[in-house]
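The file input04.txt contains compact mmCIF, C-alpha atoms:
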# COMPACT_ATOMS: atom_id res chain seq x y z
CA MET G 1 -3.88 4.82 -255.82
CA PHE G 2 -1.43 7.52 -254.69
CA LEU G 3 -2.80 7.38 -251.13
CA GLN G 4 -2.66 3.57 -251.22
CA TYR G 5 1.06 3.72 -252.14
CA MET G 6 1.82 6.40 -249.54
CA THR G 7 -0.04 4.70 -246.69
CA GLY G 8 1.68 1.45 -247.67
CA LEU G 9 5.11 3.04 -247.27
CA LEU G 10 4.10 4.72 -244.00
CA ILE G 11 2.78 1.40 -242.66
CA LEU G 12 6.18 -0.11 -243.43
CA ILE G 13 7.91 2.55 -241.29
CA PHE G 14 5.41 2.59 -238.41
CA GLY G 15 4.87 -1.19 -238.57
CA SER G 16 8.62 -1.71 -238.10
CA MET G 17 8.43 0.55 -235.03
CA HIS G 18 5.52 -1.54 -233.73
CA PHE G 19 7.72 -4.66 -234.13
CA LEU G 20 10.49 -2.92 -232.15
CA ALA G 21 8.00 -2.06 -229.38
CA ILE G 22 7.64 -5.77 -228.57
CA SER G 23 11.28 -6.64 -229.24
CA ALA G 24 14.44 -4.53 -228.97
CA LEU G 25 12.74 -1.43 -227.50
CA ALA G 26 10.34 -3.25 -225.13
CA PRO G 27 10.58 -1.93 -221.54
CA THR G 28 11.65 -5.30 -220.13
CA SER G 29 15.03 -6.76 -219.22
CA ASP G 30 14.24 -9.93 -221.16
CA LYS G 31 13.24 -9.46 -224.79
CA ILE G 32 11.32 -12.69 -225.26
CA LEU G 33 7.62 -12.62 -226.09
CA TYR G 34 6.40 -15.05 -223.42
CA LEU G 35 8.04 -15.79 -220.05
CA TYR G 36 6.18 -18.48 -218.11
CA ASN G 37 6.42 -19.65 -214.52
CA SER G 38 7.79 -23.12 -215.18
CA SER G 39 7.59 -24.37 -211.58
CA SER G 40 3.82 -24.94 -211.71
CA GLY G 41 2.11 -27.17 -214.25
CA ALA G 42 -0.19 -24.40 -215.49
CA HIS G 43 0.88 -21.75 -218.00
CA ILE G 44 1.25 -18.56 -215.95
CA LEU G 45 2.66 -15.55 -217.81
CA ILE G 46 5.09 -13.84 -215.40
CA GLY G 47 7.12 -11.76 -217.86
CA GLY G 48 8.07 -11.21 -221.46
CA THR G 49 7.29 -8.38 -223.82
CA LEU G 50 3.63 -9.49 -224.19
CA ASN G 51 3.07 -9.49 -220.42
CA TYR G 52 0.41 -6.99 -219.26
CA TYR G 53 2.82 -4.63 -217.45
CA SER G 54 5.23 -4.45 -220.39
CA VAL G 55 2.42 -3.78 -222.87
CA LYS G 56 0.85 -1.21 -220.52
CA ALA G 57 4.20 0.60 -220.14
CA VAL G 58 4.39 0.89 -223.94
CA TYR G 59 0.76 1.98 -224.32
CA THR G 60 0.92 4.68 -221.63
CA SER G 61 3.88 6.37 -223.33
CA LEU G 62 2.80 9.37 -225.40
CA ALA G 63 5.42 8.63 -228.07
CA TRP G 64 4.34 5.01 -228.54
CA GLY G 65 0.66 5.96 -228.30
CA SER G 66 1.17 8.46 -231.14
CA VAL G 67 2.97 5.82 -233.21
CA PHE G 68 0.12 3.33 -232.70
CA GLU G 69 -2.56 5.92 -233.50
CA LEU G 70 -0.81 6.93 -236.72
CA LEU G 71 -0.22 3.27 -237.63
CA LEU G 72 -3.91 2.51 -237.01
CA THR G 73 -4.96 5.45 -239.21
CA PHE G 74 -2.72 4.38 -242.12
CA LEU G 75 -3.65 0.71 -241.72
CA VAL G 76 -7.40 1.29 -241.61
CA PHE G 77 -7.25 3.40 -244.79
CA HIS G 78 -4.93 0.98 -246.61
CA VAL G 79 -6.84 -2.17 -245.62
CA PHE G 80 -10.36 -0.96 -246.29
CA ASN G 81 -9.44 0.85 -249.50
CA GLY G 82 -7.80 -2.43 -250.58
CA PHE G 83 -10.95 -4.37 -249.67
CA ARG G 84 -13.01 -1.80 -251.57
CA VAL G 85 -10.92 -2.25 -254.72
CA ILE G 86 -11.05 -6.06 -254.55
CA LEU G 87 -14.80 -6.16 -253.88
CA SER G 88 -15.53 -3.57 -256.58
CA GLU G 89 -13.72 -5.76 -259.10
CA GLN G 90 -15.58 -8.85 -257.93
CA PHE G 91 -18.98 -7.15 -258.08
CA PRO G 92 -18.77 -4.57 -260.90
CA GLY G 93 -21.46 -1.99 -261.46
CA GLY G 94 -22.31 1.52 -260.34
CA THR G 95 -24.79 0.58 -257.61
CA SER G 96 -22.71 -2.22 -256.12
CA GLU G 97 -19.62 0.03 -256.11
CA LYS G 98 -21.50 2.65 -254.10
CA ILE G 99 -22.77 0.01 -251.63
CA ILE G 100 -19.24 -1.42 -251.27
CA THR G 101 -17.62 2.01 -250.81
CA TYR G 102 -20.05 3.13 -248.11
CA SER G 103 -19.99 -0.27 -246.37
CA MET G 104 -16.19 -0.20 -246.23
CA LEU G 105 -16.28 3.38 -244.96
CA ILE G 106 -18.64 2.46 -242.12
CA VAL G 107 -16.67 -0.67 -241.11
CA ALA G 108 -13.38 1.29 -241.33
CA LEU G 109 -14.76 4.01 -239.05
CA ILE G 110 -15.97 1.43 -236.51
CA ILE G 111 -12.55 -0.28 -236.43
CA PHE G 112 -10.77 3.09 -236.24
CA ILE G 113 -12.92 4.35 -233.35
CA TYR G 114 -12.68 1.01 -231.52
CA GLY G 115 -8.87 0.90 -231.89
CA SER G 116 -8.45 4.59 -231.06
CA ASN G 117 -10.52 4.13 -227.91
CA THR G 118 -8.01 1.54 -226.63
CA ILE G 119 -5.05 3.82 -227.40
CA VAL G 120 -6.59 6.98 -225.89
CA VAL G 121 -7.88 5.27 -222.75
CA MET G 122 -4.47 3.64 -222.19
CA LEU G 123 -2.70 6.98 -222.74
CA ASN G 124 -4.77 8.32 -219.86
CA GLY G 125 -3.46 5.52 -217.67
CA GLY G 126 -6.56 3.44 -218.40
CA GLY G 127 -7.36 -0.16 -217.87
CA ILE G 128 -7.97 -1.74 -214.50
CA MET J 1 -14.22 -1.92 -269.84
CA MET J 2 -15.08 -4.84 -267.61
CA THR J 3 -18.61 -6.16 -267.88
CA ILE J 4 -20.42 -8.77 -265.85
CA GLU J 5 -20.31 -11.18 -268.82
CA ASN J 6 -16.52 -11.36 -269.08
CA LYS J 7 -15.89 -11.29 -265.35
CA LYS J 8 -14.35 -14.50 -264.00
CA GLY J 9 -14.07 -13.36 -260.40
CA TRP J 10 -11.42 -14.18 -257.84
CA ILE J 11 -10.93 -17.71 -259.18
CA SER J 12 -9.05 -16.18 -262.13
CA TRP J 13 -6.36 -14.95 -259.71
CA PHE J 14 -5.04 -18.50 -259.55
CA ASN J 15 -4.90 -19.63 -263.16
CA PRO J 16 -1.40 -21.13 -263.41
CA PHE J 17 -1.66 -21.94 -267.11
CA LYS J 18 -2.40 -18.55 -268.60
CA TYR J 19 -0.16 -16.16 -266.70
CA GLY J 20 3.45 -15.81 -265.55
CA THR J 21 5.18 -14.94 -262.29
CA ASP J 22 3.88 -11.34 -262.27
CA ARG J 23 0.32 -12.65 -262.22
CA TRP J 24 1.13 -15.08 -259.41
CA MET J 25 2.75 -12.30 -257.41
CA TYR J 26 -0.34 -10.15 -257.99
CA SER J 27 -2.60 -12.97 -256.75
CA LEU J 28 -0.39 -13.57 -253.70
CA HIS J 29 -0.37 -9.82 -253.00
CA ARG J 30 -4.16 -9.79 -252.89
CA LEU J 31 -4.38 -12.99 -250.84
CA THR J 32 -1.82 -11.74 -248.28
CA GLY J 33 -3.61 -8.36 -248.21
CA ILE J 34 -6.92 -10.04 -247.32
CA ILE J 35 -5.22 -12.15 -244.62
CA LEU J 36 -3.52 -9.06 -243.14
CA GLY J 37 -6.76 -7.06 -243.25
CA LEU J 38 -8.61 -9.76 -241.33
CA TYR J 39 -5.65 -10.01 -238.93
CA LEU J 40 -5.88 -6.24 -238.31
CA ILE J 41 -9.52 -6.56 -237.26
CA ALA J 42 -8.68 -9.47 -234.94
CA HIS J 43 -5.62 -7.62 -233.58
CA VAL J 44 -7.63 -4.46 -232.77
CA TRP J 45 -10.18 -6.62 -230.92
CA GLU J 46 -7.42 -8.59 -229.15
CA THR J 47 -5.47 -5.51 -227.98
CA SER J 48 -8.65 -3.85 -226.67
CA HIS J 49 -8.54 -6.45 -223.84
CA ILE J 50 -5.65 -4.50 -222.31
CA LEU J 51 -8.42 -2.30 -220.86
CA ASP J 52 -9.76 -5.28 -218.87
CA GLY J 53 -6.69 -5.53 -216.65
CA PRO J 54 -3.76 -7.91 -216.12
CA ILE J 55 -5.68 -11.12 -215.41
CA THR J 56 -7.82 -10.93 -218.55
CA TRP J 57 -4.91 -9.77 -220.73
CA ASN J 58 -2.46 -12.43 -219.55
CA SER J 59 -5.12 -15.13 -219.82
CA LEU J 60 -5.82 -14.07 -223.40
CA MET J 61 -2.09 -14.11 -224.24
CA VAL J 62 -1.78 -17.63 -222.78
CA PHE J 63 -4.90 -18.76 -224.66
CA LEU J 64 -3.55 -17.37 -227.96
CA ASP J 65 -0.21 -19.07 -227.27
CA TYR J 66 -1.80 -22.40 -226.34
CA PRO J 67 -5.05 -22.59 -228.34
CA PHE J 68 -4.72 -26.33 -229.03
CA GLY J 69 -2.37 -27.55 -226.31
CA PRO J 70 1.14 -27.22 -227.77
CA HIS J 71 3.13 -23.95 -227.71
CA PHE J 72 1.55 -22.49 -230.87
CA GLY J 73 1.75 -18.68 -230.56
CA PRO J 74 5.15 -18.33 -232.28
CA PHE J 75 3.91 -20.33 -235.27
CA ILE J 76 0.92 -17.98 -235.70
CA LEU J 77 3.17 -14.91 -235.35
CA SER J 78 5.69 -16.38 -237.81
CA GLY J 79 2.89 -16.93 -240.31
CA VAL J 80 1.72 -13.32 -239.91
CA LEU J 81 5.33 -12.13 -240.31
CA LEU J 82 5.84 -14.11 -243.55
CA VAL J 83 2.59 -12.79 -245.00
CA ALA J 84 3.41 -9.20 -243.93
CA VAL J 85 6.98 -9.31 -245.27
CA TYR J 86 5.82 -10.61 -248.67
CA HIS J 87 3.03 -8.02 -248.90
CA ALA J 88 5.37 -5.19 -247.88
CA LEU J 89 8.25 -6.10 -250.20
CA ASN J 90 5.96 -6.80 -253.17
CA GLY J 91 4.16 -3.54 -252.36
CA ILE J 92 7.47 -1.66 -252.70
CA ARG J 93 8.15 -3.45 -256.01
CA LEU J 94 4.66 -2.53 -257.28
CA THR J 95 5.09 1.09 -256.15
CA ILE J 96 8.29 1.27 -258.20
CA VAL J 97 7.04 -0.60 -261.28
CA GLU J 98 3.48 0.76 -261.47
CA ASN J 99 4.82 4.31 -261.34
CA GLY J 100 6.95 3.56 -264.39
CA LEU J 101 10.27 3.59 -262.57
CA MET J 102 12.97 1.10 -263.57
CA LEU J 103 11.00 0.16 -266.69
CA PRO J 104 12.18 0.39 -270.35
CA LYS J 105 11.18 3.34 -272.53
CA PRO J 106 7.97 2.96 -274.57
CA TYR J 107 8.54 1.09 -277.86
CA ARG J 108 6.53 -0.07 -280.87
CA PRO J 109 5.11 -3.59 -280.26
CA GLU J 110 6.74 -6.20 -282.52
CA PHE J 111 6.15 -9.87 -283.04
CA PRO J 112 6.20 -12.08 -280.89
CA TYR J 113 4.97 -9.25 -278.60
CA ARG J 114 6.93 -10.23 -275.51
CA PRO J 115 6.66 -7.23 -273.17
CA LYS J 116 10.03 -5.79 -272.16
CA SER J 117 8.44 -4.40 -269.00
CA LEU J 118 8.24 -7.92 -267.56
CA LYS J 119 11.98 -8.45 -268.04
CA GLY J 120 15.18 -6.71 -267.07
CA LEU J 121 15.01 -4.59 -263.94
CA ASN J 122 11.57 -5.90 -263.02
CA ASN J 123 13.13 -9.36 -262.74
CA VAL J 124 15.99 -7.92 -260.67
CA LEU J 125 13.40 -6.48 -258.28
CA LYS J 126 11.73 -9.89 -258.00
CA ILE J 127 15.04 -11.59 -257.15
CA LEU J 128 15.82 -8.82 -254.65
CA LEU J 129 12.37 -9.35 -253.12
CA GLY J 130 13.10 -13.06 -252.70
CA VAL J 131 16.51 -12.46 -251.11
CA LEU J 132 15.22 -9.75 -248.73
CA MET J 133 12.22 -11.88 -247.83
CA ILE J 134 14.49 -14.75 -246.76
CA ILE J 135 16.77 -12.45 -244.70
CA ILE J 136 14.02 -10.41 -242.98
CA SER J 137 11.84 -13.48 -242.32
CA ALA J 138 14.80 -15.42 -240.90
CA ILE J 139 15.66 -12.58 -238.48
CA GLY J 140 12.00 -12.09 -237.49
CA ILE J 141 11.26 -15.79 -236.95
CA TYR J 142 14.51 -16.21 -235.00
CA PHE J 143 13.37 -13.37 -232.71
CA ILE J 144 9.86 -14.79 -232.33
CA PHE J 145 11.18 -18.19 -231.22
CA THR J 146 14.18 -17.06 -229.14
CA GLY J 147 13.60 -13.40 -228.24
CA VAL J 148 16.94 -12.45 -229.74
CA ILE J 149 17.42 -10.03 -232.63
CA LEU J 150 20.58 -10.94 -234.54
Will you turn the file into structure tokens for me?
Amino acid sequence: MFLQYMTGLLILIFGSMHFLAISALAPTSDKILYLYNSSSGAHILIGGTLNYYSVKAVYTSLAWGSVFELLLTFLVFHVFNGFRVILSEQFPGGTSEKIITYSMLIVALIIFIYGSNTIVVMLNGGGI
Amino acid sequence: MMTIENKKGWISWFNPFKYGTDRWMYSLHRLTGIILGLYLIAHVWETSHILDGPITWNSLMVFLDYPFGPHFGPFILSGVLLVAVYHALNGIRLTIVENGLMLPKPYRPEFPYRPKSLKGLNNVLKILLGVLMIIISAIGIYFIFTGVIL
């Protein structure tokens, strides 16, 4: 449980930084999440902190990329260890615990690699 | 030791007649944890679309903001914020209490066996959790809807 407590506290710190990345520290003049072109009837996102160019500017920064990678690492451990504990209590027994542990490990690795791929590719100026 | 015979499963998390506030907070902690875990998976998938370029990304953002017609994105984000704030603050309380901090010294159990650990500073932490949850959630939701941090 020590690692669960520690990753929880680290998620709190890095999660707050993630919140700041789309708010006060977002690289946009406006700090709203969505800025639409109101002249046309359709919803066209022209600005805001969730606009592609704002998000890309955050992702391509080495500092933010490192924050996201660390946050992903702590989150994946915390979430899937939490799932493992809950499932092990729901389905007690030596065999089921082993199945649950290894299943969670595999899913956690897939999510970690998939998320890391986005961060690393974007750090290299990725995307289209 | 837990056996299969005496196991009631997840349904026992929500027995309002047998347990007090600590049990309810435990159940809510688990429920919010499951919601946040599933949100993480969806969020990792969602953010991977940044690799597909501006048209795909912006279309996805608009779709997630307008999934049913009305401007709905801020309501989803506010829900995630509320769940995350509760899980985080209760997590801090559990880290303090489960490590034996701010709890009374061990004592000999006496009738009517009301545990002192569930009173005193533990209750102060619960009240503090409630107050902080209202303040942090209010600031966060205000930002989500207006883009302004107080």
Note to self: Need the shell around range 92-97 of chain J: protein/DNA/RNA residues with any atom at most 8 Å away, counting all atoms listed in the file. Skip same-chain ones fewer than 3 positions apart. Format as a list of chain:residue names?
What the structure shows: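 Near range 92-97 of chain J, the qualifying residues are G:Tyr5, G:Leu9, J:Ala88, J:Leu89, J:Gly100, J:Leu101, J:Met102, J:Leu103, J:Asn122, J:Leu125, J:Lys126, J:Leu129.
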Notebook entry, point to check: Counting all atoms listed in the file, which of G:Asn124, G:Ala63, G:Pro92, G:Val85 gets nearest to chain J?
Noted result: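 Result for the nearest residue to chain J: G:Pro92.
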Notebook entry, point to check: Leaving out Arg84 in chain G and any residue of its chain fewer than 3 positions from it, which residues lie within 10 Å of it when counting all atoms listed in the file, given as a PyMOL selection string?
Noted result: chain G and resi 78-81+87-90+97-105
Per-residue nearest contacts chain G to chain J, cut-off 7 Å, using only C-alpha atoms, as JSON lines:
{"residue": "G:Tyr5", "atom": "CA", "partner": "J:Thr95", "partner_atom": "CA", "distance": 6.3}
{"residue": "G:Leu12", "atom": "CA", "partner": "J:Ala88", "partner_atom": "CA", "distance": 6.8}
{"residue": "G:Lys31", "atom": "CA", "partner": "J:Gly147", "partner_atom": "CA", "distance": 5.2}
{"residue": "G:Ile32", "atom": "CA", "partner": "J:Gly147", "partner_atom": "CA", "distance": 3.8}
{"residue": "G:Leu33", "atom": "CA", "partner": "J:Gly147", "partner_atom": "CA", "distance": 6.4}
{"residue": "G:His43", "atom": "CA", "partner": "J:Val62", "partner_atom": "CA", "distance": 6.8}
{"residue": "G:Leu45", "atom": "CA", "partner": "J:Asn58", "partner_atom": "CA", "distance": 6.2}
{"residue": "G:Asn51", "atom": "CA", "partner": "J:Asn58", "partner_atom": "CA", "distance": 6.3}
{"residue": "G:Tyr52", "atom": "CA", "partner": "J:Pro54", "partner_atom": "CA", "distance": 5.3}
{"residue": "G:Val79", "atom": "CA", "partner": "J:Gly37", "partner_atom": "CA", "distance": 5.4}
{"residue": "G:Gln90", "atom": "CA", "partner": "J:Gly9", "partner_atom": "CA", "distance": 5.4}
{"residue": "G:Pro92", "atom": "CA", "partner": "J:Ile4", "partner_atom": "CA", "distance": 6.7}
{"residue": "G:Gly115", "atom": "CA", "partner": "J:Val44", "partner_atom": "CA", "distance": 5.6}
{"residue": "G:Thr118", "atom": "CA", "partner": "J:Ser48", "partner_atom": "CA", "distance": 5.4}
{"residue": "G:Gly126", "atom": "CA", "partner": "J:Leu51", "partner_atom": "CA", "distance": 6.5}
{"residue": "G:Gly127", "atom": "CA", "partner": "J:Leu51", "partner_atom": "CA", "distance": 3.8}
{"residue": "G:Ile128", "atom": "CA", "partner": "J:Gly53", "partner_atom": "CA", "distance": 4.5}
Item checked: Counting all atoms listed in the file, the option among J:Ile35, J:Leu60, J:Ile76, J:Ser12 closest to Ile44 in chain G ->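 Under the stated criterion, the closest residue is J:Leu60.
Across G:Phe74, G:Phe91, G:Phe68, G:Tyr59, the tightest approach to Ala108 in chain G is made by G:Phe74 when counting all atoms listed in the file.
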Test item: axis-aligned box, all listed atoms of range 70-76 of chain G, 4 Å on each side, centre and edges in Å rounded to one decimal, as AutoDock Vina command-line options:
--center_x -3.8 --center_y 3.8 --center_z -239.4 --size_x 15.2 --size_y 14.2 --size_z 13.4
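For the pair CA of His71 in chain J and CA of Val83 in chain J, the interatomic distance is 20.6 Å.
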Item checked: Selected residue of minimal separation from Pro27 in chain G among G:Gly47, G:Ala57, G:Phe2, G:Gly8, counting all atoms listed in the file -> G:Ala57
Next item on the list: Enter the distance from CA of Asp30 in chain G to CA of Gly48 in chain G, in Å, rounded to one decimal.
Entry: 6.3 Å
Notebook entry, point to check: What separation in Å, quoted to one decimal, exists between CA of Ile106 in chain G and CA of Phe83 in chain G?
Noted result: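 Atom-to-atom, CA of Ile106 in chain G and CA of Phe83 in chain G are spaced 12.8 Å apart.
Remark: for Ser137 in chain J, the closest of the candidate residues J:Phe75, J:Phe68, J:Tyr86, J:Phe14 is J:Tyr86 (distances computed over only C-alpha atoms).
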